[in-house]
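Okay, so here's the structure we're looking at.
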Amino acid sequence: MPTFDIGPEDFLLDGERMQVVSGALHYFRVHPDQWADRIRKARQMGLNTIETYVPWNFHAPEPGVFDLDGRRDLGRFLDLVAAEGLHAIVRPGPYICAEWDGGGLPAWLLADDAVGVRRHEPRFLDAIGKYYASLLPLVAERQVTHGGPVLMVQVENEYGAYGDDPLPERQRYLRALVDLVRGQGIDVPLFTCDQANDEMLARGGLPELHKTATFGSRTAERFEVLRRHQPTGPLMCMEFWNGWFDSWGLEHHLAPAEANAADLDELLAAGGSVNLYMFHGGTNFGLTSGANDKGIYRPITTSYDYDAPLAEDGTPTAKYFAMRDVIARHLPVPDDVPATPQPAPVLDVALTAHVPLADAVSSLVRGALRTYDHAPTMEELGLWSGFAVYRTRIRPDDAVLTVDEVRDRAVVLLDGQPVGVLDRGSHTFAVALPTRAGELTLLVENQGHVNYGPRIGEPKGLIGTVRTAVRTLDEWTAGALRVEDAADLLRGALDVAVPGGAGAGAADAGTSGDTVASGDTAASGDSAESAGAVAGAAWAGLYRGTFDSAAGADHFLRLDGWTKGLAWVNGELLGRYWSLGPTHTLYVPGPLVRGTGNELVLLELHGAASARASFVTAPSLGITEQ
């Protein structure tokens, strides 16, 4: 059987020197019907290896569940890597960062405060052992030593940047992970990776494990740092940062192709091995994106384009060809190149069915709301992502609603009418209330668990005490919102004219009870006047429209005029949209699109200029620093 070893100076494949030229390609961010295409384009760029993280919570979304089917079929992904003649590096965590929800750690596990996060704690290690036992056998049977593609497996991830445990305790934790990995039949080399920083490299690894570094430039300097901590063996940059991720409310990040290519040339000329992070970023489909909080909470966008050589939709960029030219100076590169993709179809969609937000919330509550003597966290509700509904009664003298903290954002409704927003990102923890009694509803959105730093594992929802100007609110009902049922709810709704839809007008909006949300101004006594004042507008709620297009073609959904919410195509949750930007489009993978009868569903939390959406020819990822 083949062998892969760490030699005195080089990686050795069957005893021969191998310079690993790898690219990060996350199977969980790509539609499985497109895995083979993306892997093939990696080979065409000259890569000889594919690297992927494995997000624990993607495979274990609930306690006692472990899923390896469909989008989660890591075995099939690795088999496709092998079929293309490439090798693989697997990084199973348990923590991965990756701008993924919670860094891959399951929220259900960390809901127990007694569980130690990323340290030698029995409950944490026991859970990891069960995770590895469910996952690693499929990796073990695909190791290069068993005739498969897997060359190496990573232990933990940038551990030197986390926590303040003393070094002996840190090494005790890492050695426990090594034992758990080896116990599942992994016999290929294990390694750690940390930033090219003396302190992090000293804290993040083990003397007996191979160390790799992460950086994006200044190769000679960074390899010198790595060599101080890795006296022998091959030098490898496990994350060569050739782009960066985007956060809602900030600019779209770009890294110049010329600079990336020059830095890559320096690295390969030095004899180093490399893993491009990212070769292909893909998309944070559904509710999978993470967040960062360094004093300001910033959730990650749905697009994970990353300014990578292969764009979000699989299009080779200028960076792709610049890096291909560099690789060709050092290693053989195939003669074939990817075909030029066709422009995406352009069309408009009228969203002609509508369920008002207040009605949608009531219909989508998962089971009966339970009663609490405090505002519970989402973890108390058994809710690990998405939205929670909180309800209580207020009096005319309450005047203002304040919370200790909201994680992460709440739409506040009084008798179904919007009265304000609580928002962690802007530190908005108070909203004025009308001087009347009524039912107060808070629709609270988890916008992504923090994926890096000390706030990993923190609870979501309403945190601490909720007060008004005159009292503490301690009588609540609360529960989870089944956003996954949104499309089904709309299929049962009448196909009615809505503002901005085909044939709709101000009079329709002002007189149709099925059209006007009970939570907006048009539902009050002057509904006709209110609707007329915003003729053509669409209110908060669920919307549905249908369209015909080119089957199997990638599409780009553009929602100009819409504010914030979720979007589905044919029942698949694409992810979040938000007028805050920078992203203006959502990527729709071709395998989701039929020739006729496609369904577009939106959950709009605020309102829109019109009940129309567009599909455009190319992505628009927003303003940049340049």
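Each chain in the structure tokens gets a letter, A, B, ..., in the order shown, and its residues are numbered from 1; ligands are numbered from 1 in order too.
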
Practice item. Tell me, as an NGL selection string, which residues lie within 12 Å of A:Glu169, counting only C-alpha atoms; anything in the same chain fewer than 2 positions away does not count. Key: :A and (118-121 or 163-167 or 171-176 or 203-206)

Can I get the selected residues back with C-alpha atoms, as an mmCIF file, in the first residue's frame?
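Result file is again12.cif:
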```
data_model
loop_
_atom_site.group_PDB
_atom_site.id
_atom_site.type_symbol
_atom_site.label_atom_id
_atom_site.label_comp_id
_atom_site.auth_asym_id
_atom_site.auth_seq_id
_atom_site.Cartn_x
_atom_site.Cartn_y
_atom_site.Cartn_z
ATOM 1 C CA ARG A 118 -11.795 23.305 24.036
ATOM 2 C CA ARG A 119 -10.123 21.885 27.136
ATOM 3 C CA HIS A 120 -9.519 18.613 28.935
ATOM 4 C CA GLU A 121 -12.953 18.210 30.489
ATOM 5 C CA GLY A 163 -7.839 30.309 26.108
ATOM 6 C CA ASP A 164 -5.387 30.822 28.933
ATOM 7 C CA ASP A 165 -4.959 27.311 30.348
ATOM 8 C CA PRO A 166 -1.362 26.522 31.387
ATOM 9 C CA LEU A 167 0.736 24.670 28.838
ATOM 10 C CA GLN A 171 -0.986 19.575 25.944
ATOM 11 C CA ARG A 172 -3.027 17.143 28.034
ATOM 12 C CA TYR A 173 -6.107 18.137 26.029
ATOM 13 C CA LEU A 174 -4.310 17.802 22.689
ATOM 14 C CA ARG A 175 -2.898 14.396 23.613
ATOM 15 C CA ALA A 176 -6.392 13.230 24.546
ATOM 16 C CA ARG A 203 0.866 27.089 22.899
ATOM 17 C CA GLY A 204 -1.021 25.374 20.105
ATOM 18 C CA GLY A 205 0.844 22.161 19.358
ATOM 19 C CA LEU A 206 2.703 19.144 20.700
#
```

Rows by chain and residue number, stretch 217-290 of chain A within 12 Å of stretch 558-570 of chain A, shortest pair, only C-alpha atoms, as a Markdown table:
```
| residue | atom | partner | partner_atom | distance |
| --- | --- | --- | --- | --- |
| A:Trp248 | CA | A:Lys564 | CA | 11.2 |
| A:Phe285 | CA | A:Trp568 | CA | 10.2 |
| A:Gly286 | CA | A:Leu566 | CA | 8.5 |
| A:Leu287 | CA | A:Leu566 | CA | 9.2 |
```

Check your understanding: Taking the backbone alone, and naming residues the way the document does, which bits of stretch 337-562 of chain A are alpha helix (DSSP H) by DSSP, as a VMD selection string?
Key -> chain A and resid 357 to 364 486 to 491 506 to 511 527 to 533

Check your understanding: Residues at most 6 Å from stretch 189-200 of chain A, counting only C-alpha atoms, excluding those fewer than 6 positions away in the same chain, as JSON, numbers by chain?
Key -> {"A": [152, 153, 154, 155, 158, 160, 161, 209, 210, 211, 212, 213, 214, 222]}

Grab the residues selected above and save them as a PDB file, in the first residue's frame with C-alpha atoms.
```
ATOM      1  CA  MET A 152      -3.016  13.925   6.748  1.00  0.00           C
ATOM      2  CA  VAL A 153      -5.535  14.721   9.490  1.00  0.00           C
ATOM      3  CA  GLN A 154      -5.473  17.825  11.665  1.00  0.00           C
ATOM      4  CA  VAL A 155      -5.855  17.886  15.455  1.00  0.00           C
ATOM      5  CA  GLU A 158      -5.345  27.302  15.774  1.00  0.00           C
ATOM      6  CA  GLY A 160      -2.640  28.608  20.300  1.00  0.00           C
ATOM      7  CA  ALA A 161      -5.019  31.543  19.832  1.00  0.00           C
ATOM      8  CA  LEU A 209       2.979  16.461  16.138  1.00  0.00           C
ATOM      9  CA  HIS A 210       3.962  18.218  12.961  1.00  0.00           C
ATOM     10  CA  LYS A 211       3.333  21.960  13.092  1.00  0.00           C
ATOM     11  CA  THR A 212       2.082  24.109  10.228  1.00  0.00           C
ATOM     12  CA  ALA A 213       1.455  27.850  10.056  1.00  0.00           C
ATOM     13  CA  THR A 214      -1.197  30.189   8.703  1.00  0.00           C
ATOM     14  CA  ARG A 222       6.799  33.499   8.556  1.00  0.00           C
TER      15      ARG A 222
END
```

Revision key, fill the gap. Using only C-alpha atoms, the residue out of A:Asp325, A:Asp14, A:Glu445, A:Asp67 with shortest distance to A:Leu151 is A:Asp14

Review point. With only C-alpha atoms as the basis for distance, which of A:Leu109, A:Leu78, A:Ala202, A:Ala322 is at the shortest distance from A:Arg142?
Key: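 For A:Arg142, the nearest of the given residues is A:Leu78.
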
**Study point:** In stretch 304-462 of chain A, DSSP strand (DSSP E or B) residues written as a PyMOL selection string
**Key:** chain A and resi 310+316+347-350+353-356+365+370-372+377+386-394+400-407+409-414+417-423+428+430-432+438-446+450+461-462

Next, the residues of the selection above should be written as a PDB file, in the first residue's frame with C-alpha atoms.
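Listing of out-v2.pdb after writing:
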```pdb
ATOM      1  CA  LEU A 310     -12.773  30.103  -7.998  1.00  0.00           C
ATOM      2  CA  PRO A 316     -12.492  30.945 -12.592  1.00  0.00           C
ATOM      3  CA  LEU A 347     -36.016  37.679 -15.164  1.00  0.00           C
ATOM      4  CA  ASP A 348     -38.397  39.310 -12.703  1.00  0.00           C
ATOM      5  CA  VAL A 349     -40.715  37.507 -10.311  1.00  0.00           C
ATOM      6  CA  ALA A 350     -43.963  38.869  -8.886  1.00  0.00           C
ATOM      7  CA  ALA A 353     -49.135  35.311  -2.252  1.00  0.00           C
ATOM      8  CA  HIS A 354     -48.673  36.886   1.156  1.00  0.00           C
ATOM      9  CA  VAL A 355     -49.075  35.927   4.802  1.00  0.00           C
ATOM     10  CA  PRO A 356     -48.628  38.908   7.181  1.00  0.00           C
ATOM     11  CA  VAL A 365     -44.539  28.393  16.105  1.00  0.00           C
ATOM     12  CA  ARG A 370     -44.553  27.318  26.946  1.00  0.00           C
ATOM     13  CA  THR A 371     -44.908  29.475  30.042  1.00  0.00           C
ATOM     14  CA  TYR A 372     -41.898  30.915  31.889  1.00  0.00           C
ATOM     15  CA  THR A 377     -32.665  31.780  26.398  1.00  0.00           C
ATOM     16  CA  GLY A 386     -33.020  30.415  13.696  1.00  0.00           C
ATOM     17  CA  PHE A 387     -35.778  32.389  15.418  1.00  0.00           C
ATOM     18  CA  ALA A 388     -37.563  32.331  18.764  1.00  0.00           C
ATOM     19  CA  VAL A 389     -40.908  33.923  19.659  1.00  0.00           C
ATOM     20  CA  TYR A 390     -41.416  35.636  23.024  1.00  0.00           C
ATOM     21  CA  ARG A 391     -44.792  36.980  24.210  1.00  0.00           C
ATOM     22  CA  THR A 392     -45.989  38.930  27.236  1.00  0.00           C
ATOM     23  CA  ARG A 393     -48.569  41.586  28.151  1.00  0.00           C
ATOM     24  CA  ILE A 394     -47.808  45.268  28.647  1.00  0.00           C
ATOM     25  CA  VAL A 400     -40.298  51.639  27.217  1.00  0.00           C
ATOM     26  CA  LEU A 401     -38.937  48.129  26.782  1.00  0.00           C
ATOM     27  CA  THR A 402     -35.337  47.431  27.805  1.00  0.00           C
ATOM     28  CA  VAL A 403     -33.293  44.232  27.814  1.00  0.00           C
ATOM     29  CA  ASP A 404     -29.944  43.511  29.405  1.00  0.00           C
ATOM     30  CA  GLU A 405     -28.872  42.079  26.053  1.00  0.00           C
ATOM     31  CA  VAL A 406     -30.408  40.590  22.935  1.00  0.00           C
ATOM     32  CA  ARG A 407     -28.586  37.944  20.941  1.00  0.00           C
ATOM     33  CA  ARG A 409     -31.727  40.922  16.924  1.00  0.00           C
ATOM     34  CA  ALA A 410     -35.416  41.262  17.741  1.00  0.00           C
ATOM     35  CA  VAL A 411     -38.391  42.676  15.846  1.00  0.00           C
ATOM     36  CA  VAL A 412     -40.780  44.057  18.478  1.00  0.00           C
ATOM     37  CA  LEU A 413     -44.541  43.942  17.772  1.00  0.00           C
ATOM     38  CA  LEU A 414     -47.459  45.214  19.847  1.00  0.00           C
ATOM     39  CA  GLN A 417     -47.895  46.123  14.838  1.00  0.00           C
ATOM     40  CA  PRO A 418     -44.127  46.840  14.648  1.00  0.00           C
ATOM     41  CA  VAL A 419     -42.878  49.250  17.287  1.00  0.00           C
ATOM     42  CA  GLY A 420     -39.097  48.871  16.998  1.00  0.00           C
ATOM     43  CA  VAL A 421     -35.989  46.715  16.769  1.00  0.00           C
ATOM     44  CA  LEU A 422     -33.505  45.561  19.397  1.00  0.00           C
ATOM     45  CA  ASP A 423     -30.092  44.923  17.899  1.00  0.00           C
ATOM     46  CA  THR A 428     -29.737  48.955  20.738  1.00  0.00           C
ATOM     47  CA  ALA A 430     -34.313  49.693  24.353  1.00  0.00           C
ATOM     48  CA  VAL A 431     -37.400  50.641  22.351  1.00  0.00           C
ATOM     49  CA  ALA A 432     -40.256  53.050  23.132  1.00  0.00           C
ATOM     50  CA  GLY A 438     -51.666  44.831  24.585  1.00  0.00           C
ATOM     51  CA  GLU A 439     -49.778  41.706  23.638  1.00  0.00           C
ATOM     52  CA  LEU A 440     -46.070  42.244  23.101  1.00  0.00           C
ATOM     53  CA  THR A 441     -44.289  39.855  20.708  1.00  0.00           C
ATOM     54  CA  LEU A 442     -40.533  39.710  20.168  1.00  0.00           C
ATOM     55  CA  LEU A 443     -39.311  37.772  17.147  1.00  0.00           C
ATOM     56  CA  VAL A 444     -35.681  37.139  18.096  1.00  0.00           C
ATOM     57  CA  GLU A 445     -33.140  36.065  15.472  1.00  0.00           C
ATOM     58  CA  ASN A 446     -29.959  34.143  16.174  1.00  0.00           C
ATOM     59  CA  VAL A 450     -19.571  33.481  17.456  1.00  0.00           C
ATOM     60  CA  GLY A 461     -32.086  34.912  22.711  1.00  0.00           C
ATOM     61  CA  LEU A 462     -33.079  37.402  25.413  1.00  0.00           C
TER      62      LEU A 462
END
```

Exercise for review: Compare A:Asn242, A:Thr219, A:Ser385, A:Ser610 by their minimum atom-to-atom distance to A:Gly448, counting only C-alpha atoms, and give me the closest one.
Suggested key: A:Ser385

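The space separating atom CA of A:Gln19 from atom CA of A:Ala83 comes to 20.4 Å.
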
Any idea what's packed within 10 Å of stretch 598-600 of chain A, counting only C-alpha atoms, ignoring anything in its chain fewer than 3 positions away? Could you give it as an mmCIF file with C-alpha atoms, in the first residue's frame?
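result_0.cif, written as the output of this step:
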```
data_model
loop_
_atom_site.group_PDB
_atom_site.id
_atom_site.type_symbol
_atom_site.label_atom_id
_atom_site.label_comp_id
_atom_site.auth_asym_id
_atom_site.auth_seq_id
_atom_site.Cartn_x
_atom_site.Cartn_y
_atom_site.Cartn_z
ATOM 1 C CA VAL A 349 -40.715 37.507 -10.311
ATOM 2 C CA ALA A 350 -43.963 38.869 -8.886
ATOM 3 C CA LEU A 351 -44.586 37.570 -5.376
ATOM 4 C CA ALA A 487 -42.926 27.431 2.032
ATOM 5 C CA ARG A 491 -48.674 26.914 -0.463
ATOM 6 C CA TYR A 543 -44.193 36.097 0.224
ATOM 7 C CA ARG A 544 -44.359 33.573 -2.576
ATOM 8 C CA GLY A 545 -44.016 33.745 -6.338
ATOM 9 C CA THR A 546 -43.368 31.285 -9.156
ATOM 10 C CA PHE A 547 -41.183 31.479 -12.245
ATOM 11 C CA ASP A 548 -39.996 29.494 -15.241
ATOM 12 C CA SER A 549 -36.357 29.556 -16.286
ATOM 13 C CA ALA A 551 -33.332 24.190 -15.825
ATOM 14 C CA LEU A 557 -31.305 36.483 -6.815
ATOM 15 C CA ALA A 567 -35.004 33.416 0.873
ATOM 16 C CA TRP A 568 -35.946 29.947 -0.396
ATOM 17 C CA VAL A 569 -35.939 28.517 -3.928
ATOM 18 C CA ASN A 570 -37.901 25.298 -4.405
ATOM 19 C CA GLY A 571 -37.902 24.680 -0.682
ATOM 20 C CA GLU A 572 -34.134 25.118 -0.209
ATOM 21 C CA LEU A 592 -32.053 23.660 -7.529
ATOM 22 C CA VAL A 593 -33.680 25.171 -10.633
ATOM 23 C CA ARG A 594 -36.353 23.473 -12.774
ATOM 24 C CA GLY A 595 -37.552 24.533 -16.202
ATOM 25 C CA ALA A 613 -37.750 40.190 -7.022
#
```

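Going from atom CA of A:Arg123 over to atom CA of A:Arg29, you cover 29.5 Å.
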
Wanna dump the stretch 357-416 of chain A-stretch 96-108 of chain A contacts at 10 Å for me, each residue with its shortest atom pair and the distance in Å to one decimal, counting only C-alpha atoms, ordered by chain and number, as a Markdown table?
```
| residue | atom | partner | partner_atom | distance |
| --- | --- | --- | --- | --- |
| A:Glu379 | CA | A:Trp108 | CA | 7.3 |
| A:Gly382 | CA | A:Trp108 | CA | 7.6 |
| A:Leu383 | CA | A:Trp108 | CA | 8.3 |
| A:Trp384 | CA | A:Ala107 | CA | 5.7 |
| A:Ser385 | CA | A:Ala107 | CA | 8.4 |
```

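Picture a line from atom CA of A:His87 to atom CA of A:Arg227; it runs 25.3 Å.
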